[in-house]
$ cat model09.txt   # compact mmCIF, N, CA and C atoms
# COMPACT_ATOMS: atom_id res chain seq x y z
N MET A 29 14.92 -11.49 -4.92
CA MET A 29 15.68 -11.66 -6.13
C MET A 29 15.96 -10.28 -6.72
N ASN A 30 17.22 -10.08 -7.06
CA ASN A 30 17.66 -8.80 -7.61
C ASN A 30 17.76 -8.92 -9.14
N ILE A 31 17.12 -8.00 -9.86
CA ILE A 31 17.13 -8.02 -11.32
C ILE A 31 17.78 -6.75 -11.83
N GLN A 32 18.80 -6.90 -12.67
CA GLN A 32 19.47 -5.77 -13.31
C GLN A 32 19.31 -5.91 -14.81
N THR A 33 18.94 -4.83 -15.48
CA THR A 33 18.72 -4.87 -16.92
C THR A 33 19.60 -3.85 -17.61
N ASN A 34 20.28 -4.28 -18.67
CA ASN A 34 21.13 -3.41 -19.47
C ASN A 34 20.68 -3.47 -20.92
N TYR A 35 20.71 -2.32 -21.60
CA TYR A 35 20.30 -2.24 -22.99
C TYR A 35 21.44 -1.67 -23.83
N GLN A 36 21.56 -2.20 -25.05
CA GLN A 36 22.51 -1.65 -26.02
C GLN A 36 21.76 -1.47 -27.34
N ASN A 37 21.79 -0.26 -27.87
CA ASN A 37 21.12 0.08 -29.13
C ASN A 37 19.64 -0.28 -29.10
N PHE A 38 19.04 -0.14 -27.95
CA PHE A 38 17.64 -0.50 -27.77
C PHE A 38 17.04 0.49 -26.78
N LYS A 39 15.95 1.11 -27.16
CA LYS A 39 15.29 2.06 -26.26
C LYS A 39 14.29 1.32 -25.39
N SER A 40 14.47 1.48 -24.11
CA SER A 40 13.55 0.81 -23.19
C SER A 40 12.35 1.71 -22.92
N SER A 41 11.27 1.07 -22.62
CA SER A 41 10.06 1.78 -22.23
C SER A 41 9.56 1.17 -20.92
N PRO A 42 8.66 1.83 -20.25
CA PRO A 42 8.13 1.23 -19.02
C PRO A 42 7.47 -0.13 -19.28
N TRP A 43 6.87 -0.28 -20.46
CA TRP A 43 6.22 -1.54 -20.78
C TRP A 43 7.25 -2.66 -20.92
N THR A 44 8.37 -2.41 -21.59
CA THR A 44 9.39 -3.44 -21.73
C THR A 44 10.03 -3.76 -20.38
N GLU A 45 10.25 -2.75 -19.57
CA GLU A 45 10.78 -2.98 -18.22
C GLU A 45 9.84 -3.89 -17.42
N GLN A 46 8.55 -3.59 -17.50
CA GLN A 46 7.56 -4.39 -16.78
C GLN A 46 7.49 -5.81 -17.35
N PHE A 47 7.57 -5.93 -18.66
CA PHE A 47 7.55 -7.24 -19.31
C PHE A 47 8.72 -8.09 -18.84
N ILE A 48 9.91 -7.52 -18.85
CA ILE A 48 11.11 -8.24 -18.44
C ILE A 48 11.02 -8.64 -16.98
N GLU A 49 10.63 -7.72 -16.13
CA GLU A 49 10.56 -8.01 -14.69
C GLU A 49 9.51 -9.07 -14.39
N LYS A 50 8.38 -9.01 -15.06
CA LYS A 50 7.31 -9.99 -14.83
C LYS A 50 7.75 -11.38 -15.27
N ARG A 51 8.38 -11.47 -16.42
CA ARG A 51 8.81 -12.77 -16.93
C ARG A 51 9.96 -13.36 -16.11
N VAL A 52 10.90 -12.52 -15.70
CA VAL A 52 12.03 -13.02 -14.91
C VAL A 52 11.58 -13.42 -13.51
N SER A 53 10.58 -12.74 -12.98
CA SER A 53 10.11 -13.06 -11.62
C SER A 53 9.51 -14.47 -11.56
N ARG A 54 9.12 -15.04 -12.69
CA ARG A 54 8.61 -16.41 -12.70
C ARG A 54 9.69 -17.42 -12.34
N LEU A 55 10.94 -17.03 -12.52
CA LEU A 55 12.05 -17.93 -12.19
C LEU A 55 12.32 -17.99 -10.69
N SER A 56 11.66 -17.14 -9.91
CA SER A 56 11.93 -17.08 -8.48
C SER A 56 11.57 -18.38 -7.75
N ARG A 57 10.70 -19.20 -8.33
CA ARG A 57 10.35 -20.46 -7.67
C ARG A 57 11.51 -21.45 -7.70
N PHE A 58 12.50 -21.21 -8.57
CA PHE A 58 13.68 -22.06 -8.64
C PHE A 58 14.88 -21.45 -7.93
N LEU A 59 14.81 -20.18 -7.61
CA LEU A 59 15.96 -19.46 -7.07
C LEU A 59 15.69 -19.00 -5.65
N GLY A 60 16.75 -18.77 -4.91
CA GLY A 60 16.63 -18.29 -3.55
C GLY A 60 16.43 -16.78 -3.50
N GLU A 61 16.23 -16.29 -2.30
CA GLU A 61 16.02 -14.86 -2.10
C GLU A 61 17.25 -14.04 -2.47
N SER A 62 18.42 -14.62 -2.29
CA SER A 62 19.66 -13.88 -2.52
C SER A 62 20.15 -13.96 -3.97
N ALA A 63 19.39 -14.59 -4.84
CA ALA A 63 19.81 -14.74 -6.24
C ALA A 63 19.76 -13.39 -6.96
N SER A 64 20.68 -13.23 -7.90
CA SER A 64 20.65 -12.02 -8.73
C SER A 64 20.60 -12.45 -10.19
N VAL A 65 19.86 -11.68 -10.97
CA VAL A 65 19.67 -11.97 -12.39
C VAL A 65 20.08 -10.73 -13.17
N GLN A 66 20.95 -10.93 -14.15
CA GLN A 66 21.38 -9.83 -15.01
C GLN A 66 20.87 -10.09 -16.41
N VAL A 67 20.13 -9.13 -16.94
CA VAL A 67 19.54 -9.25 -18.26
C VAL A 67 20.24 -8.26 -19.19
N GLN A 68 20.67 -8.76 -20.34
CA GLN A 68 21.32 -7.91 -21.35
C GLN A 68 20.50 -8.02 -22.63
N VAL A 69 20.04 -6.88 -23.15
CA VAL A 69 19.28 -6.85 -24.40
C VAL A 69 20.05 -5.98 -25.38
N LYS A 70 20.28 -6.53 -26.58
CA LYS A 70 21.07 -5.80 -27.57
C LYS A 70 20.39 -5.92 -28.93
N PHE A 71 20.37 -4.80 -29.69
CA PHE A 71 19.85 -4.79 -31.05
C PHE A 71 21.02 -4.47 -31.97
N GLU A 72 21.30 -5.41 -32.87
CA GLU A 72 22.45 -5.24 -33.74
C GLU A 72 22.21 -5.99 -35.05
N ASN A 73 22.49 -5.35 -36.18
CA ASN A 73 22.33 -5.98 -37.50
C ASN A 73 20.93 -6.54 -37.72
N GLN A 74 19.93 -5.77 -37.35
CA GLN A 74 18.52 -6.12 -37.52
C GLN A 74 18.11 -7.38 -36.75
N LYS A 75 18.84 -7.71 -35.69
CA LYS A 75 18.50 -8.84 -34.83
C LYS A 75 18.60 -8.42 -33.37
N TYR A 76 17.81 -9.08 -32.56
CA TYR A 76 17.85 -8.87 -31.12
C TYR A 76 18.61 -10.00 -30.47
N PHE A 77 19.42 -9.64 -29.50
CA PHE A 77 20.20 -10.61 -28.73
C PHE A 77 19.86 -10.42 -27.27
N SER A 78 19.56 -11.50 -26.60
CA SER A 78 19.27 -11.45 -25.15
C SER A 78 20.19 -12.42 -24.44
N SER A 79 20.71 -11.96 -23.33
CA SER A 79 21.49 -12.86 -22.49
C SER A 79 21.00 -12.72 -21.06
N LEU A 80 21.08 -13.82 -20.36
CA LEU A 80 20.58 -13.88 -19.00
C LEU A 80 21.65 -14.55 -18.16
N ALA A 81 22.13 -13.87 -17.14
CA ALA A 81 23.12 -14.42 -16.22
C ALA A 81 22.46 -14.53 -14.84
N ILE A 82 22.45 -15.72 -14.31
CA ILE A 82 21.81 -15.97 -13.02
C ILE A 82 22.89 -16.39 -12.04
N HIS A 83 22.96 -15.69 -10.92
CA HIS A 83 23.91 -16.00 -9.86
C HIS A 83 23.11 -16.47 -8.65
N ASN A 84 23.18 -17.77 -8.41
CA ASN A 84 22.45 -18.39 -7.31
C ASN A 84 23.46 -18.86 -6.26
N SER A 85 22.99 -19.24 -5.11
CA SER A 85 23.90 -19.66 -4.05
C SER A 85 24.65 -20.94 -4.42
N ARG A 86 24.05 -21.81 -5.20
CA ARG A 86 24.69 -23.08 -5.55
C ARG A 86 25.43 -23.02 -6.88
N HIS A 87 24.85 -22.37 -7.89
CA HIS A 87 25.43 -22.37 -9.23
C HIS A 87 25.26 -21.02 -9.89
N ASP A 88 26.06 -20.81 -10.93
CA ASP A 88 25.90 -19.65 -11.80
C ASP A 88 25.50 -20.18 -13.18
N PHE A 89 24.54 -19.53 -13.79
CA PHE A 89 24.04 -19.93 -15.09
C PHE A 89 24.16 -18.77 -16.07
N SER A 90 24.30 -19.11 -17.35
CA SER A 90 24.34 -18.10 -18.39
C SER A 90 23.61 -18.65 -19.62
N PHE A 91 22.72 -17.83 -20.18
CA PHE A 91 21.92 -18.24 -21.33
C PHE A 91 21.89 -17.11 -22.35
N THR A 92 21.88 -17.46 -23.63
CA THR A 92 21.78 -16.46 -24.69
C THR A 92 20.80 -16.93 -25.75
N ALA A 93 20.23 -15.97 -26.47
CA ALA A 93 19.34 -16.28 -27.59
C ALA A 93 19.34 -15.10 -28.54
N GLU A 94 18.97 -15.37 -29.79
CA GLU A 94 18.84 -14.31 -30.77
C GLU A 94 17.63 -14.58 -31.63
N ALA A 95 16.98 -13.50 -32.07
CA ALA A 95 15.80 -13.60 -32.92
C ALA A 95 15.56 -12.25 -33.58
N GLU A 96 14.61 -12.21 -34.49
CA GLU A 96 14.31 -10.97 -35.19
C GLU A 96 13.29 -10.12 -34.45
N ASN A 97 12.70 -10.66 -33.41
CA ASN A 97 11.70 -9.96 -32.61
C ASN A 97 12.17 -9.95 -31.16
N PHE A 98 12.03 -8.82 -30.48
CA PHE A 98 12.49 -8.71 -29.09
C PHE A 98 11.77 -9.70 -28.18
N TYR A 99 10.46 -9.81 -28.29
CA TYR A 99 9.68 -10.66 -27.40
C TYR A 99 9.98 -12.13 -27.63
N GLU A 100 10.16 -12.50 -28.88
CA GLU A 100 10.53 -13.88 -29.19
C GLU A 100 11.91 -14.20 -28.63
N CYS A 101 12.84 -13.27 -28.79
CA CYS A 101 14.20 -13.46 -28.31
C CYS A 101 14.23 -13.62 -26.79
N PHE A 102 13.51 -12.76 -26.11
CA PHE A 102 13.50 -12.83 -24.65
C PHE A 102 12.79 -14.09 -24.16
N SER A 103 11.74 -14.49 -24.85
CA SER A 103 11.04 -15.73 -24.48
C SER A 103 11.93 -16.95 -24.68
N LEU A 104 12.72 -16.95 -25.75
CA LEU A 104 13.64 -18.06 -25.99
C LEU A 104 14.66 -18.20 -24.87
N VAL A 105 15.24 -17.08 -24.45
CA VAL A 105 16.26 -17.14 -23.40
C VAL A 105 15.63 -17.55 -22.07
N LEU A 106 14.40 -17.13 -21.80
CA LEU A 106 13.74 -17.55 -20.56
C LEU A 106 13.35 -19.03 -20.60
N ASP A 107 12.98 -19.53 -21.75
CA ASP A 107 12.68 -20.96 -21.87
C ASP A 107 13.93 -21.79 -21.59
N LYS A 108 15.05 -21.37 -22.13
CA LYS A 108 16.31 -22.08 -21.86
C LYS A 108 16.62 -22.07 -20.37
N ALA A 109 16.44 -20.91 -19.75
CA ALA A 109 16.74 -20.79 -18.32
C ALA A 109 15.80 -21.65 -17.48
N SER A 110 14.52 -21.62 -17.78
CA SER A 110 13.59 -22.41 -16.98
C SER A 110 13.83 -23.91 -17.14
N ARG A 111 14.16 -24.37 -18.35
CA ARG A 111 14.46 -25.78 -18.53
C ARG A 111 15.68 -26.21 -17.73
N ALA A 112 16.71 -25.38 -17.74
CA ALA A 112 17.93 -25.70 -16.99
C ALA A 112 17.68 -25.67 -15.49
N LEU A 113 16.90 -24.71 -15.02
CA LEU A 113 16.61 -24.62 -13.59
C LEU A 113 15.71 -25.76 -13.12
N VAL A 114 14.77 -26.19 -13.95
CA VAL A 114 13.93 -27.34 -13.61
C VAL A 114 14.79 -28.59 -13.49
N GLU A 115 15.72 -28.77 -14.42
CA GLU A 115 16.61 -29.93 -14.39
C GLU A 115 17.50 -29.89 -13.15
N GLU A 116 18.00 -28.72 -12.81
CA GLU A 116 18.84 -28.58 -11.60
C GLU A 116 18.04 -28.90 -10.35
N LYS A 117 16.80 -28.44 -10.29
CA LYS A 117 15.95 -28.72 -9.14
C LYS A 117 15.64 -30.22 -9.05
N ARG A 118 15.41 -30.86 -10.19
CA ARG A 118 15.14 -32.30 -10.21
C ARG A 118 16.34 -33.09 -9.71
N LYS A 119 17.55 -32.69 -10.14
CA LYS A 119 18.76 -33.37 -9.69
C LYS A 119 18.94 -33.23 -8.19
N LEU A 120 18.66 -32.05 -7.67
CA LEU A 120 18.78 -31.82 -6.23
C LEU A 120 17.79 -32.69 -5.46
N LYS A 121 16.55 -32.76 -5.93
CA LYS A 121 15.55 -33.61 -5.27
C LYS A 121 15.95 -35.07 -5.33
N ASP A 122 16.48 -35.50 -6.47
CA ASP A 122 16.92 -36.90 -6.59
C ASP A 122 18.03 -37.22 -5.61
N ARG A 123 18.98 -36.30 -5.43
CA ARG A 123 20.05 -36.53 -4.46
C ARG A 123 19.51 -36.63 -3.05
N ILE A 124 18.56 -35.78 -2.71
CA ILE A 124 17.97 -35.80 -1.37
C ILE A 124 17.20 -37.09 -1.16
N ASN A 125 16.38 -37.48 -2.14
CA ASN A 125 15.59 -38.71 -2.00
C ASN A 125 16.47 -39.94 -1.96
N LYS A 126 17.54 -39.94 -2.73
CA LYS A 126 18.44 -41.09 -2.74
C LYS A 126 19.15 -41.23 -1.40
N LYS A 127 19.42 -40.12 -0.77
CA LYS A 127 20.11 -40.13 0.52
C LYS A 127 19.22 -40.70 1.62
N TYR A 128 17.92 -40.39 1.59
CA TYR A 128 17.04 -40.78 2.69
C TYR A 128 16.18 -42.00 2.41
N PHE A 129 16.07 -42.42 1.16
CA PHE A 129 15.24 -43.58 0.83
C PHE A 129 16.08 -44.61 0.10
N SER A 130 15.89 -45.85 0.47
CA SER A 130 16.61 -46.93 -0.18
C SER A 130 16.07 -47.15 -1.58
N ILE A 131 16.94 -47.52 -2.49
CA ILE A 131 16.53 -47.75 -3.87
C ILE A 131 16.07 -49.19 -4.06
N ASP A 132 16.30 -50.04 -3.11
CA ASP A 132 15.90 -51.45 -3.20
C ASP A 132 14.40 -51.57 -3.38
N ASN A 133 13.99 -52.49 -4.22
CA ASN A 133 12.55 -52.75 -4.39
C ASN A 133 11.99 -53.51 -3.20
N GLU A 134 12.85 -54.26 -2.52
CA GLU A 134 12.39 -55.07 -1.39
C GLU A 134 12.03 -54.22 -0.19
N SER A 135 12.67 -53.09 0.00
CA SER A 135 12.41 -52.29 1.19
C SER A 135 11.20 -51.36 1.03
N ARG A 136 10.70 -51.25 -0.20
CA ARG A 136 9.51 -50.39 -0.41
C ARG A 136 8.24 -51.18 -0.13
N PRO A 137 7.23 -50.53 0.41
CA PRO A 137 5.97 -51.25 0.72
C PRO A 137 5.21 -51.59 -0.53
$ encode --input "model09.txt" --output "structure tokens"
Amino acid sequence: MNIQTNYQNFKSSPWTEQFIEKRVSRLSRFLGESASVQVQVKFENQKYFSSLAIHNSRHDFSFTAEAENFYECFSLVLDKASRALVEEKRKLKDRINKKYFSIDNESRP
């Protein structure tokens, strides 16, 4: 998984880079090896804005959040992303199971 991070009006430190990379890497269980993630962090008008763009082989996702604290803002955007990716994974599993298993109650043991 490829992670790109961009900052606007925000000074990055090695700790914030490590924080972002560690948190985004948790999404790898939902994404393939070829997925790319673009993180945008912006500080404007005493608020932090985070956006996350995920380019996967099947779908492209985009999430945004804003808060007064950088860590809260980034956690909000990651929560949105993980919820959407869990739902996408569930839908995919349901399609696969529906294709190979009958929905009839009579055919189940």
$ residues_around --input "model09.txt" --residues "A:Gln66" --least-positions-apart "4" --cutoff "9 Å" --atoms "only C-alpha atoms" --output "list in words"
Asn30, Ile31, Gln32, Thr33, Asn34, Ser79, Leu80, Ala81, Ile82 and His83 of chain A
$ atom_distance --input "model09.txt" --atom1 "atom CA of A:Asn37" --atom2 "atom C of A:Phe91"
18.5 Å
$ atom_distance --input "model09.txt" --atom1 "atom CA of A:Ser64" --atom2 "atom CA of A:Met29"
5.6 Å
$ residues_near_point --input "model09.txt" --point "(23.1, -0.5, -35.7)" --cutoff "10 Å" --atoms "only C-alpha atoms" --output "list in words"
Gln36, Asn37, Phe38, Lys70, Phe71, Glu72, Asn73, Gln74 and Lys75 of chain A
$ closest_residue --input "model09.txt" --among "A:Tyr76, A:Glu116, A:Arg54, A:Gly60" --to "A:Phe102" --atoms "all atoms listed in the file"
A:Tyr76
$ residues_around --input "model09.txt" --residues "A:Asn84" --least-positions-apart "2" --cutoff "7 Å" --atoms "all atoms listed in the file" --output "ChimeraX atom specification"
/A:59-60,62-64,82,86-89
$ atom_distance --input "model09.txt" --atom1 "atom CA of A:Lys108" --atom2 "atom C of A:Val52"
12.9 Å
$ closest_residue --input "model09.txt" --among "A:Phe98, A:Ala93, A:Leu55, A:Asn125" --to "A:Ser110" --atoms "all atoms listed in the file"
A:Leu55
$ select_by_dssp --input "model09.txt" --residues "stretch 75-108 of chain A" --states "helix (DSSP H, G or I)" --output "ChimeraX atom specification"
/A:98-108
$ select_by_dssp --input "model09.txt" --residues "chain A" --states "strand (DSSP E)" --output "PyMOL selection string"
chain A and resi 30-36+64-72+75-83+88-95
$ write_last_selection --input "model09.txt" --atoms "N, CA and C atoms" --output "short mmCIF file (atom, residue, chain, number, x, y, z; two decimals), in the frame of the given file"
data_model
loop_
_atom_site.label_atom_id
_atom_site.label_comp_id
_atom_site.auth_asym_id
_atom_site.auth_seq_id
_atom_site.Cartn_x
_atom_site.Cartn_y
_atom_site.Cartn_z
N ASN A 30 17.22 -10.08 -7.06
CA ASN A 30 17.66 -8.80 -7.61
C ASN A 30 17.76 -8.92 -9.14
N ILE A 31 17.12 -8.00 -9.86
CA ILE A 31 17.13 -8.02 -11.32
C ILE A 31 17.78 -6.75 -11.83
N GLN A 32 18.80 -6.90 -12.67
CA GLN A 32 19.47 -5.77 -13.31
C GLN A 32 19.31 -5.91 -14.81
N THR A 33 18.94 -4.83 -15.48
CA THR A 33 18.72 -4.87 -16.92
C THR A 33 19.60 -3.85 -17.61
N ASN A 34 20.28 -4.28 -18.67
CA ASN A 34 21.13 -3.41 -19.47
C ASN A 34 20.68 -3.47 -20.92
N TYR A 35 20.71 -2.32 -21.60
CA TYR A 35 20.30 -2.24 -22.99
C TYR A 35 21.44 -1.67 -23.83
N GLN A 36 21.56 -2.20 -25.05
CA GLN A 36 22.51 -1.65 -26.02
C GLN A 36 21.76 -1.47 -27.34
N SER A 64 20.68 -13.23 -7.90
CA SER A 64 20.65 -12.02 -8.73
C SER A 64 20.60 -12.45 -10.19
N VAL A 65 19.86 -11.68 -10.97
CA VAL A 65 19.67 -11.97 -12.39
C VAL A 65 20.08 -10.73 -13.17
N GLN A 66 20.95 -10.93 -14.15
CA GLN A 66 21.38 -9.83 -15.01
C GLN A 66 20.87 -10.09 -16.41
N VAL A 67 20.13 -9.13 -16.94
CA VAL A 67 19.54 -9.25 -18.26
C VAL A 67 20.24 -8.26 -19.19
N GLN A 68 20.67 -8.76 -20.34
CA GLN A 68 21.32 -7.91 -21.35
C GLN A 68 20.50 -8.02 -22.63
N VAL A 69 20.04 -6.88 -23.15
CA VAL A 69 19.28 -6.85 -24.40
C VAL A 69 20.05 -5.98 -25.38
N LYS A 70 20.28 -6.53 -26.58
CA LYS A 70 21.07 -5.80 -27.57
C LYS A 70 20.39 -5.92 -28.93
N PHE A 71 20.37 -4.80 -29.69
CA PHE A 71 19.85 -4.79 -31.05
C PHE A 71 21.02 -4.47 -31.97
N GLU A 72 21.30 -5.41 -32.87
CA GLU A 72 22.45 -5.24 -33.74
C GLU A 72 22.21 -5.99 -35.05
N LYS A 75 18.84 -7.71 -35.69
CA LYS A 75 18.50 -8.84 -34.83
C LYS A 75 18.60 -8.42 -33.37
N TYR A 76 17.81 -9.08 -32.56
CA TYR A 76 17.85 -8.87 -31.12
C TYR A 76 18.61 -10.00 -30.47
N PHE A 77 19.42 -9.64 -29.50
CA PHE A 77 20.20 -10.61 -28.73
C PHE A 77 19.86 -10.42 -27.27
N SER A 78 19.56 -11.50 -26.60
CA SER A 78 19.27 -11.45 -25.15
C SER A 78 20.19 -12.42 -24.44
N SER A 79 20.71 -11.96 -23.33
CA SER A 79 21.49 -12.86 -22.49
C SER A 79 21.00 -12.72 -21.06
N LEU A 80 21.08 -13.82 -20.36
CA LEU A 80 20.58 -13.88 -19.00
C LEU A 80 21.65 -14.55 -18.16
N ALA A 81 22.13 -13.87 -17.14
CA ALA A 81 23.12 -14.42 -16.22
C ALA A 81 22.46 -14.53 -14.84
N ILE A 82 22.45 -15.72 -14.31
CA ILE A 82 21.81 -15.97 -13.02
C ILE A 82 22.89 -16.39 -12.04
N HIS A 83 22.96 -15.69 -10.92
CA HIS A 83 23.91 -16.00 -9.86
C HIS A 83 23.11 -16.47 -8.65
N ASP A 88 26.06 -20.81 -10.93
CA ASP A 88 25.90 -19.65 -11.80
C ASP A 88 25.50 -20.18 -13.18
N PHE A 89 24.54 -19.53 -13.79
CA PHE A 89 24.04 -19.93 -15.09
C PHE A 89 24.16 -18.77 -16.07
N SER A 90 24.30 -19.11 -17.35
CA SER A 90 24.34 -18.10 -18.39
C SER A 90 23.61 -18.65 -19.62
N PHE A 91 22.72 -17.83 -20.18
CA PHE A 91 21.92 -18.24 -21.33
C PHE A 91 21.89 -17.11 -22.35
N THR A 92 21.88 -17.46 -23.63
CA THR A 92 21.78 -16.46 -24.69
C THR A 92 20.80 -16.93 -25.75
N ALA A 93 20.23 -15.97 -26.47
CA ALA A 93 19.34 -16.28 -27.59
C ALA A 93 19.34 -15.10 -28.54
N GLU A 94 18.97 -15.37 -29.79
CA GLU A 94 18.84 -14.31 -30.77
C GLU A 94 17.63 -14.58 -31.63
N ALA A 95 16.98 -13.50 -32.07
CA ALA A 95 15.80 -13.60 -32.92
C ALA A 95 15.56 -12.25 -33.58
#
